[in-house]
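This report refers to the structure that appears directly beneath it.
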Number of protein chains: 2
Amino acid sequence: MTTRERPRAPLSKERVLAAAVALADAGGVEALSMRKIAHELGVVPMALYKHVQNKDELLDGMVDAVVGEIDPPGGGTDWKAIVRGRVLSARRVLLRHPWASRVIEERTRARPDPTPAVMTYMDSMIGVFRAGGFSIDLTHHAMHVMGSRLLGFSQELFEDSGPADAPPPPPELAERFPHIAELVMGISHDHGSVVGPGCDDQVEFEFALDLVLDGLDRLRDQAGRVASSSSSRT
Amino acid sequence: MTTRERPRAPLSKERVLAAAVALADAGGVEALSMRKIAHELGVVPMALYKHVQNKDELLDGMVDAVVGEIDPPGGGTDWKAIVRGRVLSARRVLLRHPWASRVIEERTRARPDPTPAVMTYMDSMIGVFRAGGFSIDLTHHAMHVMGSRLLGFSQELFEDSGPADAPPPPPELAERFPHIAELVMGISHDHGSVVGPGCDDQVEFEFALDLVLDGLDRLRDQAGRVASSSSSRT
DNA sequence: GGACAACGGTGTACGCCGTACACCTGTCAG
DNA sequence: CTGACAGGTGTACGGCGTACACCGTTGTCC
């Protein structure tokens with residue numbers, strides 16, 4: 001109804017990308033088709049190709065838009081707090097666009113060079129590590145670790161647990177997989193007193209994140225101690 | 001030429017899966033189609049549907065086959081060594097079938113319960129942690145961490161680095177992304193004396209893996225110390 | 001031996017997909 | 001007025017997953 005007497009708002013790459021992102025948010029990326037985007041915009045499919053080379057470039061544009069939503073690094077001197085905040089911001093964005101992490105990973109794996117927003121993201125993240133006293137090599141490692149943490153968080157392995165929807169856990173399964181059964185039964189008696197969903201993904205994410213951050217911190221201290229105990233300080 | 005006078009080897013779910021895995025290994029999962037599998041088997045596409053419900057079930061079967069290739073946990077008492085060996089075995093398998101990690105992740109994210117081989121894999125992994133003295137909750141966390149590490153390793157972010165194929169790094173890029181530039185120039189002057197590919201993915205993987213394992217070990221010790229310093233020992 | 005069902009492979013057809021290509025139309029520069 | 005050009009259209013092609021009706025072979029039971 002929005003496009004009634006007006007002939008139509010003029011298409012543009014931005015409008016195409018926005019429609020594509022909205023559609024992917026709503027129905028998943030596999031339900032995304034040029035035809036549906038076009039329909040959503042009240043236009044014939046081929047019209048999109050005046051603004052986007054092909055579906056691949058469209059996906060790149062969508063990734064760029066999403067990555068651009070991640071907050072820039074906050075100020076301060078504590079590298080760990082900055083990285084933590086940034087990664088959590090990235091996570092919030094990726095939860096808003098659940099299709100994005102898979103698409104980012106696919107494209108990162110196969111593309112000659114990452115999309116500009118990804119480059120910007122990486123550059124500023126590297127800057128935070130360097131400013132935090134990390135050597136180049138350690139920064140390099142850290143980026144790899146953070147990258148896999150940022151992108152590939154595989155939640156929902158145990159979604160069927162929790163007291164609400166679990167039927168009496170079928171006993172022959174418990175027999176075949178005793179360790180899984182024990183774990184499902186015994187989770188989270190202490191660490192939050194929330195009896196709720198049995199497996200808080202946010203808690204898991206932050207647990208893993210802190211694990212990594214603490215490990216990196218220890219390595220950085222260690223490297224610093226070795227360097228200052230040998231010869232110079234640079 | 002193999003199927004000459006013989007009418008044809010009789011199809012079976014195993015043969016279908018094997019053909020599908022081979023095809024995916026060769027051309028990537030996006031080049032995999034029921035029609036191509038059928039052609040490969042010298043059969044009409046619809047014939048496959050006598051052995052597989054649909055493409056989704058076929059992908060599940062492929063995942064199961066691949067996960068089944070992962071070595072069972074080795075013996076010994078050092079949980080860290082066992083986990084390390086197992087994860088590296090998983091990694092070898094996933095490198096053999098580069099399409100697999102993505103497919104596993106997609107399906108793990110959306111499926112009611114994981115495929116049987118994945119269940120078996122998880123169960124024995126949980127067993128290793130439990131035998132290694134991990135509490136149930138800590139095992140739970142550890143599984144999440146291992147899961148994301150096993151599946152989502154995002155290699156190749158810097159594939160264009162390395163002295164071999166890098167043209168003179170375009171200077172206006174270095175200006176826009178100074179940190180990236182510094183990192184690309186400065187990587188790996190020490191940690192292997194290999195001047196080679198500039199970014200050894202295996203090294204990165206093991207670095208992250210050990211980071212996580214060390215962190216988990218520290219947490220386990222810590223939990224044990226707290227428990228024995230409070231009341232009982234169970 | 002003959003009826004019959006089940007199994008496994010076939011052929012045709014439908015609706016979806018991405019997109020090449022030729023076409024039209026409105027706008028604006030010269 | 002003319003012509004170029006940007007942006008939207010229509011048609012068409014090849015590929016996809018798979019529903020559905022079909023058929024030959026094979027084994028079972030009377």
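Ligands are numbered from 1 in the order shown, residues from 1 within each chain, and chains are lettered A, B, ... in the order they appear in the structure tokens.
Residue-level contact on chain D: within 10 Å of chain A, counting only C-alpha atoms (C1' of nucleotides), the set is DA6, DG7, DG8, DT9 and DG10 of chain D.
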Contact check, chain C to chain B, at most 12 Å, counting only C-alpha atoms (C1' of nucleotides), closest pairs as a Markdown table:
```
| residue | atom | partner | partner_atom | distance |
| --- | --- | --- | --- | --- |
| C:DC7 | C1' | B:Lys50 | CA | 9.0 |
| C:DG8 | C1' | B:Lys50 | CA | 6.9 |
| C:DG9 | C1' | B:Ala47 | CA | 5.7 |
| C:DT10 | C1' | B:Val44 | CA | 7.1 |
| C:DG11 | C1' | B:Val44 | CA | 9.4 |
| C:DT12 | C1' | B:Met46 | CA | 11.4 |
```
Worksheet item: Skipping near chain neighbours, those fewer than 5 positions away, what residues fall within 12 Å of DG30 (chain C) using only C-alpha atoms (C1' of nucleotides), listed as a PyMOL selection string?
Response: chain D and resi 1-4
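For the pair CA of Glu14 (chain A) and CA of Leu58 (chain A), the interatomic distance is 10.4 Å.
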Discussion item. When you count only C-alpha atoms, which of these residues is closest to chain A: B:Pro116, B:Pro72, B:Gly215, B:Gly61?
Written reply: B:Gly215
Worksheet item: Quick one: DSSP alpha helix (DSSP H) residues in region 64-138 of chain B, as a ChimeraX atom specification?
Response: /B:64-67,79-96,100-110,116-131,136-138
Worksheet item: Counting only C-alpha atoms (C1' of nucleotides), what is within 8 Å of region 87-97 of chain B, bar same-chain residues fewer than 2 positions away, as a ChimeraX atom specification?
Response: /B:24-25,66-67,69-71,83-85,99-101,150
Discussion item. Which residues are near DC16 (chain D)? Cut-off 8 Å, only C-alpha atoms (C1' of nucleotides), ignore same chain within fewer than 5 positions. Put them as a list in words.
Written reply: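 Skipping anything fewer than 5 positions along the chain leaves Ser33 of chain B; DC16 and DC17 of chain C.
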Fill in: Residue contacts of DA20 (chain C) (12 Å, only C-alpha atoms (C1' of nucleotides)) excluding same-chain residues fewer than 3 positions away, as a VMD selection string
(chain A and resid 46 49 54) or (chain D and resid 11 to 14)
Go ahead and save the residues from that selection, with C-alpha atoms (C1' of nucleotides), as a PDB file, in the first residue's frame.
```pdb
ATOM      1  CA  MET A  46      16.110  -8.419 -13.831  1.00  0.00           C
ATOM      2  CA  TYR A  49      20.931  -6.462 -12.102  1.00  0.00           C
ATOM      3  CA  ASN A  54      25.036 -10.849  -9.629  1.00  0.00           C
TER       4      ASN A  54
ATOM      5  C1'  DT D  11      11.270 -13.647 -22.772  1.00  0.00           C
ATOM      6  C1'  DA D  12      13.967 -17.549 -22.630  1.00  0.00           C
ATOM      7  C1'  DC D  13      17.448 -21.070 -21.265  1.00  0.00           C
ATOM      8  C1'  DG D  14      19.549 -24.464 -18.593  1.00  0.00           C
TER       9       DG D  14
END
```
Item to complete: Name the residues in contact with DG27 (chain D) at a cut-off of 12 Å, using only C-alpha atoms (C1' of nucleotides), excluding same-chain residues fewer than 4 positions from it; report them as a VMD selection string.
Response: chain C and resid 4 to 7
Include N, CA, C and O atoms (P, O5', C5', C4', C3', O3' and C1' of nucleotides) and write out the residues we just selected as a PDB file, in the first residue's frame.
```
ATOM      1  P    DC C   4      -4.115 -62.326  -8.470  1.00  0.00           P
ATOM      2  O5'  DC C   4      -2.945 -61.805  -7.530  1.00  0.00           O
ATOM      3  C5'  DC C   4      -2.508 -62.633  -6.448  1.00  0.00           C
ATOM      4  C4'  DC C   4      -1.353 -61.955  -5.739  1.00  0.00           C
ATOM      5  C3'  DC C   4      -1.278 -60.444  -6.017  1.00  0.00           C
ATOM      6  O3'  DC C   4      -1.045 -59.775  -4.792  1.00  0.00           O
ATOM      7  C1'  DC C   4       0.806 -61.443  -6.478  1.00  0.00           C
ATOM      8  P    DA C   5      -1.584 -58.313  -4.521  1.00  0.00           P
ATOM      9  O5'  DA C   5      -0.465 -57.742  -3.561  1.00  0.00           O
ATOM     10  C5'  DA C   5       0.026 -58.578  -2.525  1.00  0.00           C
ATOM     11  C4'  DA C   5       1.533 -58.439  -2.410  1.00  0.00           C
ATOM     12  C3'  DA C   5       2.006 -56.984  -2.313  1.00  0.00           C
ATOM     13  O3'  DA C   5       2.880 -56.904  -1.217  1.00  0.00           O
ATOM     14  C1'  DA C   5       3.245 -58.151  -3.955  1.00  0.00           C
ATOM     15  P    DA C   6       3.067 -55.543  -0.482  1.00  0.00           P
ATOM     16  O5'  DA C   6       4.636 -55.358  -0.657  1.00  0.00           O
ATOM     17  C5'  DA C   6       5.456 -56.465  -0.329  1.00  0.00           C
ATOM     18  C4'  DA C   6       6.796 -56.307  -1.029  1.00  0.00           C
ATOM     19  C3'  DA C   6       7.354 -54.875  -0.966  1.00  0.00           C
ATOM     20  O3'  DA C   6       8.685 -54.990  -0.529  1.00  0.00           O
ATOM     21  C1'  DA C   6       7.413 -55.680  -3.171  1.00  0.00           C
ATOM     22  P    DC C   7       9.502 -53.768   0.000  1.00  0.00           P
ATOM     23  O5'  DC C   7      10.660 -53.707  -1.096  1.00  0.00           O
ATOM     24  C5'  DC C   7      11.355 -54.910  -1.407  1.00  0.00           C
ATOM     25  C4'  DC C   7      12.185 -54.660  -2.649  1.00  0.00           C
ATOM     26  C3'  DC C   7      12.834 -53.276  -2.657  1.00  0.00           C
ATOM     27  O3'  DC C   7      14.225 -53.457  -2.911  1.00  0.00           O
ATOM     28  C1'  DC C   7      11.691 -53.671  -4.695  1.00  0.00           C
TER      29       DC C   7
END
```
Item to complete: Kindly give the distance, in Å, that separates CA of Val63 (chain B) and CA of Leu32 (chain B), rounded to a single decimal.
Response: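 Atom-to-atom, CA of Val63 (chain B) to CA of Leu32 (chain B), that is 14.0 Å.
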Practice prompt. Give me, please, the distance in Å between CA of Ala223 (chain A) and CA of Ser124 (chain A), quoted to one decimal.
Written response: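 These atoms are spaced 22.6 Å apart.
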